[in-house]
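What follows is a short report on a single structure.
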Amino acid sequence: MNSPVDQAALARRFNPRGTWTLFQKEVRRFLSVIGQTVLAPVITAVLYLLVFQHVLEDRVNVYPGVGYTAFLIPGLVMMSIIQNAFANTSSSLTQSKIMGNLVFLLFAPLSAAEIFVAFVAAAIVRATCVAAALYAVGWLFIPLPLQAPLAAIAMLILSAACLAVLGLIAGILAQKFDHLAAFQNFFIMPFSFLSGVFYSIHSLPEFWEHASRFNPFFYMIDGFRYGFFGVADAPISHSVGVVILFFVLLSGVALQMLRTGYKIRS
């Protein structure tokens with residue numbers, strides 16, 4: 001094992017090859033089961049689209065000139081981004097703990113920041129693959145050009161990064177997959193469904209509309225939707241600012257956990 005002096009020296013050095021190798025390993029991990037990691041989320045989102053399109057297409061009015069199906073697609077894409085970015089990092093760390101191979105990552109000459117970058121970057125790649133596949137399928141239902149592509153890309157990357165970091169934290173805390181399932185069921189899913197995926201928050205009663213503005217997932221979905229239509233429930237600057245702040249706060253927690261080895265060195 002490296003001595004404390006060696007560890008301090010490693011923390012001061014940048015190891016691009018090691019970071020790239022870990023990134024490649026994480027990407028190959030989800031690509032090796034692409035049917036589960038990319039295809040399955042697309043099928044799930046399409047099922048949501050088919051059901052809600054059939055039931056609500058002629059009954060719900062959202063933005064002027066925007067049909068319900070067009071409104072729904074960006075929300076489903078972002079919901080898939082949120083769920084898959086979280087799943088990529090959380091499942092990888094938890095699986096490594098259960099299988100006992102996390103020790104090889106701890107012995108590698110990588111700093112906490114380099115491990116963080118590799119895991120988050122790989123999760124962004126998976127989320128982007130799911131988003132691109134779902135967006136392409138969405139064109140089979142309705143053409144949906146981007147009105148503000150830079151805003152859409154920025155929200156995709158920032159949102160995926162946030163959930164990747166949250167997945168790191170969950171993976172560090174979890175001791176088994178049941179713990180991750182609880183995190184998914186009691187946090188990720190409720191906050192996703194209550195963030196405006198299927199509706200505009202302006203259609204909610206006043207109390208619930210204001211409550212929705214304390215949900216960071218709302219700003220991810222709303223800002224991403226702005227990239228498609230050029231309009232949204234909140235100003236795009238607010239959405240970007242909230243998501244950046246959320247990312248910074250989560251990153252501080254995750255990096256501290258990785259530096260101290262909390263629940264991963266025992």
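In the structure tokens, the first chain shown is A, the next is B, and so on; residue numbers restart at 1 for each chain, and ligands run from 1 in the order shown.
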Report as JSON lines: every residue of region 128-168 of chain A with an atom at most 12 Å from region 51-55 of chain A, its closest pair of atoms, and their distance in Å to one decimal, counting only C-alpha atoms, with rows sorted by chain and ascending residue number.
{"residue": "A:Gly138", "atom": "CA", "partner": "A:Gln53", "partner_atom": "CA", "distance": 11.9}
{"residue": "A:Phe141", "atom": "CA", "partner": "A:Gln53", "partner_atom": "CA", "distance": 9.8}
{"residue": "A:Ile142", "atom": "CA", "partner": "A:Gln53", "partner_atom": "CA", "distance": 11.3}
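DSSP secondary structure from the backbone places Ala112, Ala113, Glu114, Ile115, Phe116, Val117, Ala118, Phe119, Val120, Ala121, Ala122, Ala123, Ile124, Val125, Arg126, Ala127, Thr128, Cys129, Val130, Ala131, Ala132, Ala133, Leu134, Tyr135, Ala136, Val137, Gly138, Pro149 and Leu150 of chain A of region 109-150 of chain A in alpha helix (DSSP H).
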Output C-alpha atoms of each residue in that selection to a file, as a PDB file, in the first residue's frame.
ATOM      1  CA  ALA A 112     -10.171  11.651  -5.680  1.00  0.00           C
ATOM      2  CA  ALA A 113     -10.669  14.313  -8.350  1.00  0.00           C
ATOM      3  CA  GLU A 114      -9.525  11.973 -11.127  1.00  0.00           C
ATOM      4  CA  ILE A 115     -11.849   9.188  -9.983  1.00  0.00           C
ATOM      5  CA  PHE A 116     -14.641  11.757  -9.782  1.00  0.00           C
ATOM      6  CA  VAL A 117     -14.013  13.030 -13.330  1.00  0.00           C
ATOM      7  CA  ALA A 118     -13.856   9.540 -14.857  1.00  0.00           C
ATOM      8  CA  PHE A 119     -17.082   8.334 -13.242  1.00  0.00           C
ATOM      9  CA  VAL A 120     -19.033  11.516 -13.978  1.00  0.00           C
ATOM     10  CA  ALA A 121     -17.821  11.707 -17.591  1.00  0.00           C
ATOM     11  CA  ALA A 122     -18.831   8.089 -18.253  1.00  0.00           C
ATOM     12  CA  ALA A 123     -22.295   8.728 -16.788  1.00  0.00           C
ATOM     13  CA  ILE A 124     -22.689  11.754 -19.058  1.00  0.00           C
ATOM     14  CA  VAL A 125     -21.842   9.558 -22.058  1.00  0.00           C
ATOM     15  CA  ARG A 126     -24.495   7.002 -21.074  1.00  0.00           C
ATOM     16  CA  ALA A 127     -27.106   9.726 -20.480  1.00  0.00           C
ATOM     17  CA  THR A 128     -26.277  11.296 -23.846  1.00  0.00           C
ATOM     18  CA  CYS A 129     -26.656   7.952 -25.632  1.00  0.00           C
ATOM     19  CA  VAL A 130     -30.089   7.423 -24.061  1.00  0.00           C
ATOM     20  CA  ALA A 131     -31.143  11.007 -24.832  1.00  0.00           C
ATOM     21  CA  ALA A 132     -30.024  10.787 -28.464  1.00  0.00           C
ATOM     22  CA  ALA A 133     -31.802   7.458 -28.992  1.00  0.00           C
ATOM     23  CA  LEU A 134     -35.013   8.692 -27.408  1.00  0.00           C
ATOM     24  CA  TYR A 135     -34.912  11.977 -29.320  1.00  0.00           C
ATOM     25  CA  ALA A 136     -34.513  10.045 -32.576  1.00  0.00           C
ATOM     26  CA  VAL A 137     -37.481   7.837 -31.693  1.00  0.00           C
ATOM     27  CA  GLY A 138     -39.475  10.955 -30.807  1.00  0.00           C
ATOM     28  CA  PRO A 149     -29.699  23.997 -29.090  1.00  0.00           C
ATOM     29  CA  LEU A 150     -26.952  25.407 -26.849  1.00  0.00           C
TER      30      LEU A 150
END
Go through region 122-205 of chain A and flag each residue having an atom no more than 10 Å from region 230-244 of chain A; for those, report the closest pair of atoms plus their distance in Å to one decimal, using only C-alpha atoms, ordered by chain and rising number, as JSON lines.
{"residue": "A:Leu146", "atom": "CA", "partner": "A:Gly230", "partner_atom": "CA", "distance": 8.5}
{"residue": "A:Gln147", "atom": "CA", "partner": "A:Gly230", "partner_atom": "CA", "distance": 5.7}
{"residue": "A:Ala148", "atom": "CA", "partner": "A:Gly230", "partner_atom": "CA", "distance": 6.2}
{"residue": "A:Pro149", "atom": "CA", "partner": "A:Gly230", "partner_atom": "CA", "distance": 9.7}
{"residue": "A:Ala151", "atom": "CA", "partner": "A:Ile236", "partner_atom": "CA", "distance": 8.0}
{"residue": "A:Ala154", "atom": "CA", "partner": "A:Val240", "partner_atom": "CA", "distance": 8.1}
{"residue": "A:Met155", "atom": "CA", "partner": "A:Val240", "partner_atom": "CA", "distance": 7.0}
{"residue": "A:Leu158", "atom": "CA", "partner": "A:Val243", "partner_atom": "CA", "distance": 6.7}
{"residue": "A:Ser159", "atom": "CA", "partner": "A:Val243", "partner_atom": "CA", "distance": 6.8}
{"residue": "A:Ala161", "atom": "CA", "partner": "A:Val243", "partner_atom": "CA", "distance": 9.6}
{"residue": "A:Cys162", "atom": "CA", "partner": "A:Val243", "partner_atom": "CA", "distance": 7.5}
{"residue": "A:Gly196", "atom": "CA", "partner": "A:Asp233", "partner_atom": "CA", "distance": 9.5}
{"residue": "A:Ser200", "atom": "CA", "partner": "A:Asp233", "partner_atom": "CA", "distance": 7.1}
{"residue": "A:Ile201", "atom": "CA", "partner": "A:Asp233", "partner_atom": "CA", "distance": 7.2}
{"residue": "A:His202", "atom": "CA", "partner": "A:Asp233", "partner_atom": "CA", "distance": 7.3}
Store the residues picked out above, limited to N, CA, C and O atoms, as an mmCIF file, in the first residue's frame.
data_model
loop_
_atom_site.group_PDB
_atom_site.id
_atom_site.type_symbol
_atom_site.label_atom_id
_atom_site.label_comp_id
_atom_site.auth_asym_id
_atom_site.auth_seq_id
_atom_site.Cartn_x
_atom_site.Cartn_y
_atom_site.Cartn_z
ATOM 1 N N LEU A 146 -34.750 21.845 -32.488
ATOM 2 C CA LEU A 146 -34.317 22.617 -31.331
ATOM 3 C C LEU A 146 -34.340 24.103 -31.650
ATOM 4 O O LEU A 146 -33.733 24.544 -32.628
ATOM 5 N N GLN A 147 -35.014 24.882 -30.816
ATOM 6 C CA GLN A 147 -35.030 26.335 -30.982
ATOM 7 C C GLN A 147 -33.801 26.982 -30.348
ATOM 8 O O GLN A 147 -33.334 28.026 -30.803
ATOM 9 N N ALA A 148 -33.297 26.387 -29.289
ATOM 10 C CA ALA A 148 -32.110 26.910 -28.602
ATOM 11 C C ALA A 148 -31.195 25.726 -28.284
ATOM 12 O O ALA A 148 -31.142 25.252 -27.146
ATOM 13 N N PRO A 149 -30.481 25.227 -29.282
ATOM 14 C CA PRO A 149 -29.699 23.997 -29.090
ATOM 15 C C PRO A 149 -28.629 24.101 -28.018
ATOM 16 O O PRO A 149 -28.370 23.131 -27.306
ATOM 17 N N ALA A 151 -28.736 25.796 -25.262
ATOM 18 C CA ALA A 151 -29.391 25.649 -23.958
ATOM 19 C C ALA A 151 -29.712 24.190 -23.687
ATOM 20 O O ALA A 151 -29.512 23.687 -22.565
ATOM 21 N N ALA A 154 -26.433 22.323 -22.924
ATOM 22 C CA ALA A 154 -25.920 22.711 -21.605
ATOM 23 C C ALA A 154 -26.715 22.050 -20.491
ATOM 24 O O ALA A 154 -26.146 21.520 -19.520
ATOM 25 N N MET A 155 -28.044 22.037 -20.621
ATOM 26 C CA MET A 155 -28.874 21.426 -19.592
ATOM 27 C C MET A 155 -28.695 19.913 -19.556
ATOM 28 O O MET A 155 -28.735 19.298 -18.484
ATOM 29 N N LEU A 158 -25.170 19.417 -17.785
ATOM 30 C CA LEU A 158 -25.218 19.808 -16.378
ATOM 31 C C LEU A 158 -26.107 18.870 -15.564
ATOM 32 O O LEU A 158 -25.741 18.462 -14.457
ATOM 33 N N SER A 159 -27.259 18.537 -16.118
ATOM 34 C CA SER A 159 -28.187 17.664 -15.390
ATOM 35 C C SER A 159 -27.605 16.264 -15.238
ATOM 36 O O SER A 159 -27.690 15.657 -14.156
ATOM 37 N N ALA A 161 -24.483 15.488 -15.206
ATOM 38 C CA ALA A 161 -23.374 15.585 -14.248
ATOM 39 C C ALA A 161 -23.893 15.614 -12.815
ATOM 40 O O ALA A 161 -23.342 14.950 -11.925
ATOM 41 N N CYS A 162 -24.960 16.378 -12.563
ATOM 42 C CA CYS A 162 -25.546 16.435 -11.215
ATOM 43 C C CYS A 162 -25.970 15.053 -10.734
ATOM 44 O O CYS A 162 -25.665 14.644 -9.610
ATOM 45 N N GLY A 196 -42.590 18.283 -13.391
ATOM 46 C CA GLY A 196 -43.155 18.854 -14.602
ATOM 47 C C GLY A 196 -42.895 18.051 -15.854
ATOM 48 O O GLY A 196 -42.955 18.592 -16.957
ATOM 49 N N SER A 200 -47.263 21.267 -17.119
ATOM 50 C CA SER A 200 -46.662 22.556 -16.777
ATOM 51 C C SER A 200 -47.036 22.887 -15.343
ATOM 52 O O SER A 200 -48.191 22.709 -14.933
ATOM 53 N N ILE A 201 -46.081 23.380 -14.558
ATOM 54 C CA ILE A 201 -46.393 23.666 -13.155
ATOM 55 C C ILE A 201 -47.406 24.801 -13.024
ATOM 56 O O ILE A 201 -48.026 24.958 -11.976
ATOM 57 N N HIS A 202 -47.592 25.590 -14.093
ATOM 58 C CA HIS A 202 -48.597 26.651 -14.039
ATOM 59 C C HIS A 202 -50.017 26.083 -13.970
ATOM 60 O O HIS A 202 -50.952 26.814 -13.633
#
Inset, instruction - Find the distance between CA of Phe224 (chain A) and CA of Gly75 (chain A) and write it in Å to one decimal. - result: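 Rounded to one decimal, the two atoms are 7.9 Å apart.
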Inset, instruction - Name the residues in contact with Ile169 (chain A) at a cut-off of 8 Å, using only C-alpha atoms, excluding same-chain residues fewer than 2 positions from it; report them as JSON, numbers by chain. - result: {"A": [90, 165, 166, 167, 171, 172, 173, 253, 254, 257]}
Output C-alpha atoms for every residue in the selection just made, as a PDB file, in the first residue's frame.
ATOM      1  CA  SER A  90     -24.349   4.342  -8.222  1.00  0.00           C
ATOM      2  CA  VAL A 165     -22.470  12.973  -8.708  1.00  0.00           C
ATOM      3  CA  LEU A 166     -25.595  12.138  -6.722  1.00  0.00           C
ATOM      4  CA  GLY A 167     -25.130   8.542  -7.887  1.00  0.00           C
ATOM      5  CA  GLY A 171     -22.991   4.399  -4.288  1.00  0.00           C
ATOM      6  CA  ILE A 172     -20.576   5.368  -1.518  1.00  0.00           C
ATOM      7  CA  LEU A 173     -23.321   5.218   1.119  1.00  0.00           C
ATOM      8  CA  VAL A 253     -19.813  16.355  -0.777  1.00  0.00           C
ATOM      9  CA  ALA A 254     -18.743  13.613  -3.201  1.00  0.00           C
ATOM     10  CA  MET A 257     -16.179  11.410   0.625  1.00  0.00           C
TER      11      MET A 257
END
Legend entry - Who sits within 9 Å of Ser195 (chain A), only C-alpha atoms, same chain under 2 positions skipped, as a ChimeraX atom specification: /A:190-193,197-201,212-213,215-222
Atoms kept (C-alpha atoms) for selection, written as a PDB file, in the first residue's frame:
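Result file follows (result_33.pdb):
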ATOM      1  CA  PRO A 190     -40.745  11.090  -6.800  1.00  0.00           C
ATOM      2  CA  PHE A 191     -38.658  14.172  -7.577  1.00  0.00           C
ATOM      3  CA  SER A 192     -38.636  13.220 -11.272  1.00  0.00           C
ATOM      4  CA  PHE A 193     -42.379  12.708 -11.545  1.00  0.00           C
ATOM      5  CA  VAL A 197     -42.395  15.930 -16.894  1.00  0.00           C
ATOM      6  CA  PHE A 198     -46.055  15.396 -17.746  1.00  0.00           C
ATOM      7  CA  TYR A 199     -47.471  18.863 -17.059  1.00  0.00           C
ATOM      8  CA  SER A 200     -46.662  22.556 -16.777  1.00  0.00           C
ATOM      9  CA  ILE A 201     -46.393  23.666 -13.155  1.00  0.00           C
ATOM     10  CA  SER A 212     -42.288  22.688  -7.324  1.00  0.00           C
ATOM     11  CA  ARG A 213     -39.810  25.564  -7.549  1.00  0.00           C
ATOM     12  CA  ASN A 215     -37.314  20.858  -6.689  1.00  0.00           C
ATOM     13  CA  PRO A 216     -33.967  21.018  -8.556  1.00  0.00           C
ATOM     14  CA  PHE A 217     -35.219  18.427 -11.060  1.00  0.00           C
ATOM     15  CA  PHE A 218     -37.881  20.911 -12.166  1.00  0.00           C
ATOM     16  CA  TYR A 219     -35.180  23.312 -13.372  1.00  0.00           C
ATOM     17  CA  MET A 220     -33.392  20.516 -15.233  1.00  0.00           C
ATOM     18  CA  ILE A 221     -36.531  19.561 -17.142  1.00  0.00           C
ATOM     19  CA  ASP A 222     -37.783  23.111 -17.621  1.00  0.00           C
TER      20      ASP A 222
END
Near Leu106 (chain A), counting only C-alpha atoms, which residues have an atom at most 9 Å away, once you skip same-chain residues fewer than 6 positions from it, shown as a short mmCIF file (atom, residue, chain, number, x, y, z; two decimals) with N, CA, C and O atoms, in the first residue's frame?
data_model
loop_
_atom_site.label_atom_id
_atom_site.label_comp_id
_atom_site.auth_asym_id
_atom_site.auth_seq_id
_atom_site.Cartn_x
_atom_site.Cartn_y
_atom_site.Cartn_z
N GLY A 261 -12.17 8.61 1.98
CA GLY A 261 -12.43 7.17 1.90
C GLY A 261 -13.64 6.74 2.70
O GLY A 261 -13.74 5.57 3.11
N ILE A 264 -15.70 3.52 1.94
CA ILE A 264 -15.12 2.75 0.82
C ILE A 264 -13.74 2.17 1.17
O ILE A 264 -13.20 1.40 0.39
N ARG A 265 -13.18 2.54 2.31
CA ARG A 265 -11.88 1.99 2.72
C ARG A 265 -11.99 1.05 3.90
O ARG A 265 -11.00 0.57 4.40
#
Legend entry - Atom pair CA of Thr69 (chain A) / CA of Ala45 (chain A): separation (Å):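 Atom-to-atom, CA of Thr69 (chain A) and CA of Ala45 (chain A) are spaced 12.5 Å apart.
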